[in-house]
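Report on the structure given below.
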Amino acid sequence: MEDIKLLKGNEVLAIAAIRCGADGYFGYPITPQSEVMETLMDERPWLTTGMVVLQAESETSSINMIYGGAAAGKRVMTSSSSPGLSLMCEGLSYLAGAELPCLVVNVARGGPGLGSIQASQADYFQLVKGGGHGDYKLIVLAPNSVQEMNDFVGLGFDLAFKYRIPAVILTDGIIGQMMEKVTLSPERPRRTEEELAKECGDWATTGRKASRGKANLANSLFLDSVDLEQHNLHLQKKYREIEKNEVLCEQIQVEDAEYIMVAYGTSSRICMKVVEDMRKEGHKVGLIRPITLFPFPTEIIAKAAEHSKVILSVEMSAGQMVEDVRLAVGCACKCRVEHFGRFGGVVHSPAEVYEALKALM
Amino acid sequence: MMKVEKISENMVYQKPRLITNNTMHYCPGCSHGTVHKIVAELIDEMGLEDNAVAVSPVGCSVLAYNYIDIDWVQAAHGRAPAIATALKRLMPDRLVFTYQGDGDLAAIGTAETIHSLVRGENIVIIFINNAIYGMTGGQMAPTTLIGQKTATTPYGRDTALNGFPYKMGEIAAMMPGVTYVTRQSVDKPAAVRAAKKAIKKAFENSIGCKGTSFVEIVATCNSGWKLSPVASNDWMRENMFPEYPLGDLKNNG
Ligand SMILES: Cc1ncc(C[n+]2csc(CCOP(=O)(O)OP(=O)(O)O)c2C)c(N)n1
Ligand code: SF4
């Protein structure tokens, strides 16, 4: 039987974590995502599934708790909002370097600095391009509904373990706070120690060295630079593999479109309305919604650019994803690429996007 | 085969079974090697080889995982107690310990250290206090003594400029969730035996989930101090022990 509920995006993150067999959540309160830990503390999953929930003293600490849990092969998750993610960048670099799987959620708010508590998409660079030091990538999922907030918890864990890489859900205060109807994920039990040993036995630091016959190590240190280059080549190969296999993207009325918007998350919901309005007026308008920001739907955008006059990247930022759209389109293509968006916590209205696109026609 | 048996028959001392054959990078005379030996012996003697996860710091002992043959997690600078927290919470029956220097534990990792003590995590923290940053070439540590010369206090630690050394052991002892705090050294055989007994007790506390155990080892860094190993031990006894007196600071186990 389907389990349908009316829930906030933040609440469903917590419920989905319990239902998909997460072993641990470690976090630190910050608006607009504190409901995630509050819901978990209210649900008390340690009494049912045995899931550990802990309030850390900072995001620096919570991401390192994630590092510890991930090292042991556990399904661990944290959530925060933009200033917290800045503190987590050190840990994300170490997690990527040590190839540890985990799930990190950013319910983004306006920046820079303490910024505001309103929704923003200005953390695209931070999570898609890096943020921490070194050449690394994270899998970045961008939900645009409460349903996808639910679905991407399980998907994020699966991808993280498939590639031994941190997966990130990059969302914002609007999706975190809004209530929608959601079909909950089927319940899946936490892995037993035997299942974990089978799945992660050749790397997880479970402390079972003698039974395994060899010690495991979670590490990102390679003192010999030739070794470190080899490690980096291995990471790059994995990232290319992810680019080949894991792109997720929704296309709305793109086939015949002459004017295409590219938007993710909250902004994509606004752009859907613009497509509807403009199509009614007979304009050939479409929307490409990247669901994975890394891997980015480069080929889909490049192909669409061949038959379109203008591509407008619509983001709640001063223009970050637009750089990837430009790279996808390439300078040889005649299609013009522009950016539109309100930012600093201000959300553009469908009317503003309509005007911006109209001005380019 | 015959030959091996004969050797072991006459053997009076050997490398602990869980110390690997990797060449140790520690300077001759450094306390790290001795503490590693104690830890490896204890894990073997206590039958914990199949039940132990350790966390290595950033500092001279960053490569501890190369020497003690158990599972290790290599931490970012100062973050070991947060990592150990999760390991122990997610695997409550394991021995989980961190091994950290004074810069790692008492400077950059102060928050992670204090809050693992505040929560009374069932982990062991082994704290190597050598009053200097060994790995980066002998700069001032939070535990550097007043007047002590280091690469960043070339005229000696000046309290007006650098503040005062502080005692993390005493801070640890204040926390209700902390069970056992002791300060030891490894400068002579009797001290090594005492330190081993202390770490054994700490390991038992972690296995029994009795709260945090904090074992500080007042240690030498002969390279950083620019003294011979023997002179380092003398300097430590003369200068470090008065500031960091040895003995149990708390024992509720
Ligand atoms: C974030 C960060 N800052 C600085 C460093 C450089 N660093 C490496 S080890 C170290 C100090 C180590 O001293 P201590 O913890 O006392 O250990 P010891 O080497 O004396 O055993 C520093 C500052 C680093 N690796 N990472
Ligand atoms: S520099 Fe100091 S702490 Fe590091 S190995 Fe040498 S003596 Fe030991």
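In the structure tokens, each chain is lettered A, B, ... as it comes, each chain's residues begin at 1, and ligands are numbered from 1 in order of appearance.
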Near-ligand residues for ligand 2, threshold 10 Å, only C-alpha atoms and all ligand atoms, as a VMD selection string: chain B and resid 24 to 33 59 to 61 101 128 to 138 219 to 229 232
Excluding Ala106 (chain B) and its own-chain neighbours fewer than 3 positions away, which residues fall within 9 Å of it when counting only C-alpha atoms? Please give them as a list in words.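 What passes the distance filter is Gly78, Gly101, Asp102, Gly103, Gly109, Thr110, Ala111, Thr113, Ala141, Pro142, Thr143, Tyr166, Lys167 and Met168 of chain B.
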What's around region 248-253 of chain B at 12 Å? Count only C-alpha atoms, leave out sequence neighbours fewer than 4 positions away in its own chain, and write the answer as an NGL selection string. :B and (167-184 or 194-195 or 197-206 or 208-217 or 244)
Find, counting only C-alpha atoms, the residue in A:Asn245, A:Ser220, A:Ser82, A:Ser308 that gets nearest to chain B.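 Using only C-alpha atoms, chain B sits closest to A:Ser220.
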Would you list the contacts of region 166-181 of chain A as a PDB file with C-alpha atoms, in the first residue's frame, taking every protein, DNA or RNA residue within 9 Å and counting only C-alpha atoms, but skipping same-chain residues closer than 4 positions in sequence?
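And here is the file that came out, around_21.pdb:
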ATOM      1  CA  ILE A   4       1.044   9.214   1.104  1.00  0.00           C
ATOM      2  CA  LYS A   5       1.634  12.169   3.428  1.00  0.00           C
ATOM      3  CA  LEU A   6       1.514  15.954   3.411  1.00  0.00           C
ATOM      4  CA  LEU A   7       4.964  17.041   4.542  1.00  0.00           C
ATOM      5  CA  LYS A   8       7.539  19.839   4.418  1.00  0.00           C
ATOM      6  CA  GLY A   9      10.616  19.242   2.287  1.00  0.00           C
ATOM      7  CA  ASN A  10      12.838  19.297   5.354  1.00  0.00           C
ATOM      8  CA  GLU A  11      10.623  16.863   7.241  1.00  0.00           C
ATOM      9  CA  VAL A  12      10.593  14.403   4.402  1.00  0.00           C
ATOM     10  CA  LEU A  13      14.397  14.360   4.302  1.00  0.00           C
ATOM     11  CA  THR A  31      17.720  28.032   9.312  1.00  0.00           C
ATOM     12  CA  PRO A  32      16.086  27.131   6.945  1.00  0.00           C
ATOM     13  CA  GLN A  33      16.720  23.418   7.536  1.00  0.00           C
ATOM     14  CA  GLU A  35      13.381  20.747  10.845  1.00  0.00           C
ATOM     15  CA  SER A  79      22.166  18.562   6.348  1.00  0.00           C
ATOM     16  CA  SER A  81      22.457  25.575   4.937  1.00  0.00           C
ATOM     17  CA  LEU A  92      34.067  17.327   1.740  1.00  0.00           C
ATOM     18  CA  LEU A  95      35.698  12.640   1.905  1.00  0.00           C
ATOM     19  CA  ALA A  96      36.252  12.996  -1.833  1.00  0.00           C
ATOM     20  CA  GLU A  99      36.545   8.109  -1.638  1.00  0.00           C
ATOM     21  CA  LEU A 100      33.952   7.806   1.079  1.00  0.00           C
ATOM     22  CA  PRO A 101      30.211   7.592   0.348  1.00  0.00           C
ATOM     23  CA  CYS A 102      27.773   9.812   2.230  1.00  0.00           C
ATOM     24  CA  LEU A 103      24.807  12.103   1.754  1.00  0.00           C
ATOM     25  CA  VAL A 104      25.026  15.849   2.405  1.00  0.00           C
ATOM     26  CA  VAL A 105      22.077  18.205   2.035  1.00  0.00           C
ATOM     27  CA  ASN A 106      22.339  21.954   1.478  1.00  0.00           C
ATOM     28  CA  VAL A 107      19.062  23.794   1.972  1.00  0.00           C
ATOM     29  CA  ALA A 108      20.649  26.924   0.571  1.00  0.00           C
ATOM     30  CA  ARG A 109      20.055  30.502   1.686  1.00  0.00           C
ATOM     31  CA  ILE A 117      17.646  33.060   5.628  1.00  0.00           C
ATOM     32  CA  GLN A 118      15.702  33.294   2.371  1.00  0.00           C
ATOM     33  CA  ALA A 119      16.062  30.816  -0.484  1.00  0.00           C
ATOM     34  CA  SER A 120      18.993  31.151  -2.875  1.00  0.00           C
ATOM     35  CA  GLN A 121      20.844  29.233  -5.577  1.00  0.00           C
ATOM     36  CA  ASP A 123      25.971  27.836  -3.771  1.00  0.00           C
ATOM     37  CA  TYR A 124      26.182  26.218  -7.214  1.00  0.00           C
ATOM     38  CA  LEU A 127      29.150  22.406  -4.518  1.00  0.00           C
ATOM     39  CA  LYS A 137      33.752  16.377  -7.732  1.00  0.00           C
ATOM     40  CA  LEU A 138      30.611  15.581  -5.787  1.00  0.00           C
ATOM     41  CA  ILE A 139      27.434  14.116  -7.237  1.00  0.00           C
ATOM     42  CA  VAL A 140      24.922  16.973  -6.964  1.00  0.00           C
ATOM     43  CA  LEU A 141      21.179  16.325  -7.106  1.00  0.00           C
ATOM     44  CA  ALA A 142      18.728  19.231  -7.455  1.00  0.00           C
ATOM     45  CA  PRO A 143      15.142  18.370  -6.442  1.00  0.00           C
ATOM     46  CA  ASN A 144      12.290  20.710  -7.383  1.00  0.00           C
ATOM     47  CA  SER A 145       9.519  19.167  -5.282  1.00  0.00           C
ATOM     48  CA  VAL A 146       8.943  17.612  -1.894  1.00  0.00           C
ATOM     49  CA  GLN A 147       8.515  14.281  -3.700  1.00  0.00           C
ATOM     50  CA  MET A 149      13.377  15.565  -1.717  1.00  0.00           C
ATOM     51  CA  PHE A 152      16.752  11.727  -3.753  1.00  0.00           C
ATOM     52  CA  VAL A 153      17.660  10.536  -0.261  1.00  0.00           C
ATOM     53  CA  GLY A 156      21.797   9.849  -3.202  1.00  0.00           C
ATOM     54  CA  PHE A 157      22.844   6.978  -0.950  1.00  0.00           C
ATOM     55  CA  LEU A 159      24.908   6.696  -6.095  1.00  0.00           C
ATOM     56  CA  ALA A 160      27.271   7.526  -3.232  1.00  0.00           C
ATOM     57  CA  PHE A 161      27.923   3.836  -2.564  1.00  0.00           C
ATOM     58  CA  GLY A 265      15.145  23.464  -8.303  1.00  0.00           C
ATOM     59  CA  THR A 266      12.783  26.271  -7.286  1.00  0.00           C
ATOM     60  CA  LEU A 293      24.134  19.426 -11.583  1.00  0.00           C
TER      61      LEU A 293
END
Which of region 89-310 of chain A fall in strand (DSSP E or B), as number ranges by chain: A: 102-109, 119, 139-141, 166-172, 179-183, 217-218, 249-252, 259-262, 285-290, 292-294, 310
Show me, as a Markdown table, the residues of chain A having an atom within 12 Å of ligand 1, each with the closest atom pair and its distance in Å, using only C-alpha atoms and all ligand atoms.
| residue | atom | partner | partner_atom_place_in_ligand_line | distance |
| --- | --- | --- | --- | --- |
| A:Thr60 | CA | ligand 1 | 1 (C) | 11.7 |
| A:Cys89 | CA | ligand 1 | 1 (C) | 11.6 |
| A:Glu90 | CA | ligand 1 | 1 (C) | 8.2 |
| A:Gly91 | CA | ligand 1 | 1 (C) | 10.6 |
| A:Ser93 | CA | ligand 1 | 1 (C) | 11.7 |
| A:Tyr94 | CA | ligand 1 | 1 (C) | 11.2 |
| A:Gly132 | CA | ligand 1 | 1 (C) | 11.4 |
| A:His133 | CA | ligand 1 | 1 (C) | 10.8 |
| A:Ser220 | CA | ligand 1 | 25 (N) | 11.9 |
| A:Leu221 | CA | ligand 1 | 25 (N) | 10.4 |
Residues as selected, N, CA and C atoms, written as a PDB file, in the first residue's frame, can you do that?
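Result file is part.pdb:
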ATOM      1  N   THR A  60      31.721  21.796  11.170  1.00  0.00           N
ATOM      2  CA  THR A  60      33.047  21.186  11.008  1.00  0.00           C
ATOM      3  C   THR A  60      33.020  19.808  11.659  1.00  0.00           C
ATOM      4  N   CYS A  89      33.394  22.395   3.837  1.00  0.00           N
ATOM      5  CA  CYS A  89      34.191  22.185   2.622  1.00  0.00           C
ATOM      6  C   CYS A  89      35.488  21.440   2.898  1.00  0.00           C
ATOM      7  N   GLU A  90      36.104  21.691   4.029  1.00  0.00           N
ATOM      8  CA  GLU A  90      37.311  20.932   4.385  1.00  0.00           C
ATOM      9  C   GLU A  90      36.983  19.431   4.390  1.00  0.00           C
ATOM     10  N   GLY A  91      35.929  19.095   5.105  1.00  0.00           N
ATOM     11  CA  GLY A  91      35.541  17.688   5.224  1.00  0.00           C
ATOM     12  C   GLY A  91      35.154  17.080   3.885  1.00  0.00           C
ATOM     13  N   SER A  93      36.315  17.824   0.972  1.00  0.00           N
ATOM     14  CA  SER A  93      37.539  17.535   0.237  1.00  0.00           C
ATOM     15  C   SER A  93      38.175  16.233   0.741  1.00  0.00           C
ATOM     16  N   TYR A  94      38.191  16.046   2.047  1.00  0.00           N
ATOM     17  CA  TYR A  94      38.759  14.806   2.616  1.00  0.00           C
ATOM     18  C   TYR A  94      37.911  13.589   2.235  1.00  0.00           C
ATOM     19  N   GLY A 132      36.031  23.075  -1.431  1.00  0.00           N
ATOM     20  CA  GLY A 132      37.232  22.645  -0.716  1.00  0.00           C
ATOM     21  C   GLY A 132      38.424  22.617  -1.666  1.00  0.00           C
ATOM     22  N   HIS A 133      39.570  22.176  -1.145  1.00  0.00           N
ATOM     23  CA  HIS A 133      40.789  22.205  -1.951  1.00  0.00           C
ATOM     24  C   HIS A 133      40.959  20.926  -2.782  1.00  0.00           C
ATOM     25  N   SER A 220      43.472  10.125   2.704  1.00  0.00           N
ATOM     26  CA  SER A 220      43.653  10.928   1.495  1.00  0.00           C
ATOM     27  C   SER A 220      45.087  11.446   1.385  1.00  0.00           C
ATOM     28  N   LEU A 221      45.986  10.876   2.185  1.00  0.00           N
ATOM     29  CA  LEU A 221      47.388  11.340   2.176  1.00  0.00           C
ATOM     30  C   LEU A 221      48.235  10.478   1.238  1.00  0.00           C
TER      31      LEU A 221
END
Could you list the residues in chain A lying within 10 Å of chain B, using only C-alpha atoms, and format the result as a PyMOL selection string? chain A and resi 23-26+50-54+56-58+60-72+74+76+90-91+93-94+98+193+203-221
Just list the residues in region 2-234 of chain B DSSP gives helix (DSSP H, G or I) on the backbone, as a PyMOL selection string. chain B and resi 2-10+31-45+60-66+80-90+102-108+110-118+159-162+168-174+189-207+222-225+229-234
For Tyr28 (chain A), the nearest of the candidates A:Val262, A:Cys200, A:Ala318, A:Leu85, counting only C-alpha atoms: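 Smallest separation from Tyr28 (chain A) among the options: A:Leu85.
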At a cut-off of 9 Å, using only C-alpha atoms, what residues contact Arg190 (chain A)? Leave out same-chain residues fewer than 4 positions from it and give the result as an NGL selection string. :A and (18-23 or 49-51 or 75)
